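Q: The structure that follows is given in the form of structure tokens.
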Amino acid sequence: MSIQRGRAWVFGDNVDTDLIYHNKYLAETDPAQMPQYAFEYYPGQEDFAKKVQPGDFVVAGKNFGCGSSREHAVYCLKFAGVPCVLAETCSRIYYRNAINNGYPVLFVDGISAAIRDGRIRNGDMLEVDLTTGEIHDLDTDARLHGDAVSDLEHEIMEAGGLFQYMKKTAEG
């Protein structure tokens, strides 16, 4: 995986799945349509879906994706072109859904403090290397180190998700 650049969309701690993708849209079954509802109810980020660009990053503090187990909360970001979520921690169910659907989450120790201290701000340009976990805020020059995507996670992502990975493995 190469180094990717994109704007930071900064969120706080305890961002639950209703804030990522509200339950009133759960009837939507086409993942390509889900990005239009992303973060619609998150205070201060209601315009996320209209302004996010492919390559932009979701940056969050602790316990990202807590709440229900809906895969919509992963799909709405993946299909919006957000290459990964950068968070201090996330709920186990969100992480499992992300990996199962071939979507990376980088755990970044100290990112909550970087958000609080203004070392990573909404709209800053980030450079992220998923292979090494290196994160560089090009606007503030802050540098953080996240857990790199593991080889197995990379293989699952390359296959298009856990189901496709298992199918490929069984065929191979």
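Quick note on naming: the chains in the structure tokens go A, B, ... in the order shown, residues restart at 1 in each chain, and ligands are numbered from 1 in order of appearance.
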So which residues of stretch 3-112 of chain A fall under helix (DSSP H, G or I) by DSSP, listed as a PyMOL selection string?

A: chain A and resi 17-20+23-25+31-37+48-51+72-78+92-100+111-112

Q: Write out the residues from the selection above, keeping N, CA and C atoms, as an mmCIF file, in the first residue's frame.

A:
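The resulting file, selection-v6.cif, is reproduced below:
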```cif
data_model
loop_
_atom_site.group_PDB
_atom_site.id
_atom_site.type_symbol
_atom_site.label_atom_id
_atom_site.label_comp_id
_atom_site.auth_asym_id
_atom_site.auth_seq_id
_atom_site.Cartn_x
_atom_site.Cartn_y
_atom_site.Cartn_z
ATOM 1 N N THR A 17 -22.618 4.230 16.319
ATOM 2 C CA THR A 17 -23.019 3.925 14.951
ATOM 3 C C THR A 17 -24.235 4.723 14.496
ATOM 4 N N ASP A 18 -25.073 5.175 15.430
ATOM 5 C CA ASP A 18 -26.187 6.046 15.045
ATOM 6 C C ASP A 18 -25.682 7.397 14.552
ATOM 7 N N LEU A 19 -24.566 7.858 15.081
ATOM 8 C CA LEU A 19 -23.991 9.119 14.613
ATOM 9 C C LEU A 19 -23.257 8.940 13.286
ATOM 10 N N ILE A 20 -22.690 7.765 13.078
ATOM 11 C CA ILE A 20 -22.015 7.484 11.813
ATOM 12 C C ILE A 20 -23.052 7.274 10.712
ATOM 13 N N ASN A 23 -30.048 5.049 12.274
ATOM 14 C CA ASN A 23 -30.894 3.860 12.069
ATOM 15 C C ASN A 23 -32.100 4.108 11.161
ATOM 16 N N LYS A 24 -32.472 5.349 10.946
ATOM 17 C CA LYS A 24 -33.629 5.589 10.070
ATOM 18 C C LYS A 24 -33.328 5.261 8.606
ATOM 19 N N TYR A 25 -32.046 5.045 8.277
ATOM 20 C CA TYR A 25 -31.661 4.714 6.908
ATOM 21 C C TYR A 25 -31.288 3.240 6.730
ATOM 22 N N PRO A 31 -24.891 -0.401 -0.825
ATOM 23 C CA PRO A 31 -23.768 0.293 -0.186
ATOM 24 C C PRO A 31 -23.324 1.557 -0.921
ATOM 25 N N ALA A 32 -23.500 1.599 -2.221
ATOM 26 C CA ALA A 32 -23.109 2.783 -2.992
ATOM 27 C C ALA A 32 -23.974 4.000 -2.657
ATOM 28 N N GLN A 33 -25.181 3.770 -2.111
ATOM 29 C CA GLN A 33 -26.077 4.860 -1.739
ATOM 30 C C GLN A 33 -25.884 5.313 -0.284
ATOM 31 N N MET A 34 -25.194 4.521 0.512
ATOM 32 C CA MET A 34 -25.063 4.802 1.944
ATOM 33 C C MET A 34 -24.234 6.039 2.286
ATOM 34 N N PRO A 35 -23.206 6.402 1.510
ATOM 35 C CA PRO A 35 -22.411 7.576 1.885
ATOM 36 C C PRO A 35 -23.209 8.866 2.039
ATOM 37 N N GLN A 36 -24.313 9.010 1.329
ATOM 38 C CA GLN A 36 -25.078 10.257 1.397
ATOM 39 C C GLN A 36 -25.666 10.527 2.780
ATOM 40 N N TYR A 37 -25.680 9.513 3.657
ATOM 41 C CA TYR A 37 -26.247 9.667 4.992
ATOM 42 C C TYR A 37 -25.188 9.705 6.100
ATOM 43 N N PHE A 48 -20.826 16.506 6.231
ATOM 44 C CA PHE A 48 -19.790 15.539 5.851
ATOM 45 C C PHE A 48 -20.100 14.873 4.516
ATOM 46 N N ALA A 49 -21.284 14.311 4.371
ATOM 47 C CA ALA A 49 -21.633 13.545 3.169
ATOM 48 C C ALA A 49 -21.567 14.384 1.900
ATOM 49 N N LYS A 50 -21.853 15.663 2.004
ATOM 50 C CA LYS A 50 -21.836 16.538 0.823
ATOM 51 C C LYS A 50 -20.427 17.008 0.474
ATOM 52 N N LYS A 51 -19.542 17.040 1.477
ATOM 53 C CA LYS A 51 -18.220 17.630 1.263
ATOM 54 C C LYS A 51 -17.050 16.655 1.272
ATOM 55 N N HIS A 72 -23.641 -0.901 7.964
ATOM 56 C CA HIS A 72 -23.843 0.367 7.260
ATOM 57 C C HIS A 72 -22.816 1.417 7.692
ATOM 58 N N ALA A 73 -22.430 1.383 8.971
ATOM 59 C CA ALA A 73 -21.476 2.360 9.506
ATOM 60 C C ALA A 73 -20.086 2.180 8.904
ATOM 61 N N VAL A 74 -19.797 1.000 8.402
ATOM 62 C CA VAL A 74 -18.548 0.763 7.675
ATOM 63 C C VAL A 74 -18.746 1.120 6.205
ATOM 64 N N TYR A 75 -19.830 0.614 5.619
ATOM 65 C CA TYR A 75 -20.077 0.836 4.193
ATOM 66 C C TYR A 75 -20.140 2.310 3.822
ATOM 67 N N CYS A 76 -20.783 3.129 4.654
ATOM 68 C CA CYS A 76 -20.962 4.543 4.287
ATOM 69 C C CYS A 76 -19.618 5.261 4.167
ATOM 70 N N LEU A 77 -18.619 4.823 4.909
ATOM 71 C CA LEU A 77 -17.289 5.425 4.808
ATOM 72 C C LEU A 77 -16.487 4.797 3.668
ATOM 73 N N LYS A 78 -16.532 3.484 3.601
ATOM 74 C CA LYS A 78 -15.796 2.776 2.549
ATOM 75 C C LYS A 78 -16.239 3.243 1.161
ATOM 76 N N ARG A 92 -15.168 -3.337 19.388
ATOM 77 C CA ARG A 92 -14.799 -4.616 18.769
ATOM 78 C C ARG A 92 -15.719 -4.957 17.604
ATOM 79 N N ILE A 93 -17.011 -4.658 17.739
ATOM 80 C CA ILE A 93 -17.944 -5.009 16.671
ATOM 81 C C ILE A 93 -17.700 -4.152 15.425
ATOM 82 N N TYR A 94 -17.375 -2.877 15.596
ATOM 83 C CA TYR A 94 -17.065 -2.039 14.435
ATOM 84 C C TYR A 94 -15.802 -2.555 13.754
ATOM 85 N N TYR A 95 -14.795 -2.853 14.550
ATOM 86 C CA TYR A 95 -13.531 -3.352 14.004
ATOM 87 C C TYR A 95 -13.758 -4.653 13.230
ATOM 88 N N ARG A 96 -14.539 -5.564 13.813
ATOM 89 C CA ARG A 96 -14.811 -6.852 13.162
ATOM 90 C C ARG A 96 -15.561 -6.628 11.845
ATOM 91 N N ASN A 97 -16.562 -5.742 11.854
ATOM 92 C CA ASN A 97 -17.289 -5.426 10.619
ATOM 93 C C ASN A 97 -16.358 -4.808 9.582
ATOM 94 N N ALA A 98 -15.469 -3.938 10.038
ATOM 95 C CA ALA A 98 -14.531 -3.296 9.109
ATOM 96 C C ALA A 98 -13.639 -4.343 8.443
ATOM 97 N N ILE A 99 -13.017 -5.181 9.235
ATOM 98 C CA ILE A 99 -12.130 -6.198 8.673
ATOM 99 C C ILE A 99 -12.912 -7.161 7.780
ATOM 100 N N ASN A 100 -14.069 -7.615 8.247
ATOM 101 C CA ASN A 100 -14.871 -8.544 7.447
ATOM 102 C C ASN A 100 -15.239 -7.964 6.091
ATOM 103 N N ILE A 111 -3.850 9.840 19.586
ATOM 104 C CA ILE A 111 -4.574 10.691 18.636
ATOM 105 C C ILE A 111 -5.636 11.535 19.340
ATOM 106 N N SER A 112 -6.194 11.027 20.456
ATOM 107 C CA SER A 112 -7.168 11.822 21.224
ATOM 108 C C SER A 112 -6.518 13.096 21.747
#
```

Q: List every residue of stretch 72-132 of chain A that has an atom at most 7 Å from any atom of stretch 149-168 of chain A, and for each one report the closest atom pair and its distance in Å to one decimal, counting only C-alpha atoms, with rows sorted by chain and then by increasing residue number, as JSON lines.

A:
```
{"residue": "A:Ile99", "atom": "CA", "partner": "A:Glu153", "partner_atom": "CA", "distance": 6.6}
{"residue": "A:Asn100", "atom": "CA", "partner": "A:Leu162", "partner_atom": "CA", "distance": 4.6}
{"residue": "A:Asn101", "atom": "CA", "partner": "A:Gly161", "partner_atom": "CA", "distance": 4.2}
{"residue": "A:Gly102", "atom": "CA", "partner": "A:Met157", "partner_atom": "CA", "distance": 3.8}
{"residue": "A:Tyr103", "atom": "CA", "partner": "A:Met157", "partner_atom": "CA", "distance": 6.3}
{"residue": "A:Leu106", "atom": "CA", "partner": "A:Val149", "partner_atom": "CA", "distance": 7.0}
{"residue": "A:Leu130", "atom": "CA", "partner": "A:Val149", "partner_atom": "CA", "distance": 6.0}
{"residue": "A:Thr131", "atom": "CA", "partner": "A:Val149", "partner_atom": "CA", "distance": 6.1}
```

Q: Suppose you want the space between atom CA of A:Thr132 and atom CA of A:His145; what is it in Å?

A: 8.2 Å

Q: Using only C-alpha atoms, which residue out of A:Ala87, A:Ala38, A:Ala27, A:Met125 lies closest to A:Gly6?

A: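 Using only C-alpha atoms, A:Gly6 sits closest to A:Met125.
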
Q: Need to verify the contact set: A:Gly55, 6 Å, only C-alpha atoms, exclusion of same-chain residues closer than 2 positions in sequence. Can you return it as a PDB file with C-alpha atoms, in the first residue's frame?

A:
```pdb
ATOM      1  CA  GLY A   6      -6.365  13.518   2.221  1.00  0.00           C
ATOM      2  CA  GLY A  81     -13.817   6.737  -0.629  1.00  0.00           C
ATOM      3  CA  VAL A  82     -12.493   7.251   2.904  1.00  0.00           C
ATOM      4  CA  PRO A  83      -9.395   5.000   2.800  1.00  0.00           C
TER       5      PRO A  83
END
```

Q: My list of candidates is A:Asp109, A:Asp117, A:Glu40, A:Asp30. Which is closest to A:Ala148 when distances are computed with only C-alpha atoms?

A: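 Smallest separation from A:Ala148 among the options: A:Asp109.
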
Q: Enter the distance from atom CA of A:Leu138 to atom CA of A:Leu86, in Å, rounded to one decimal.

A: 15.7 Å

Q: Just how far from atom CA of A:Ala8 is atom CA of A:Glu46, in Å to one decimal?

A: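 Distance between the two atoms: 15.1 Å.
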
Q: Nearest residue to A:Phe107 out of A:Gln53, A:Ser68, A:Asn63, A:Gln4, using only C-alpha atoms?

A: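 Once distances to A:Phe107 are computed over only C-alpha atoms, the minimum belongs to A:Asn63.
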
Q: Hey, which of A:Ile120, A:Cys90, A:Ile115, A:Cys66 ends up closest to A:Asp137? Count only C-alpha atoms.

A: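 Among the listed residues, the smallest separation from A:Asp137 belongs to A:Ile120.
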
Q: Using only C-alpha atoms, which residue out of A:Val58, A:Asn14, A:Arg5, A:Tyr42 lies closest to A:Asn122?

A: A:Val58

Q: For a quick check of understanding, using only C-alpha atoms, which of A:Thr89, A:Asp147, A:Gln45, A:Glu134 has the smallest distance to A:Phe11?

A: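 Of all the options, A:Gln45 lies closest to A:Phe11.
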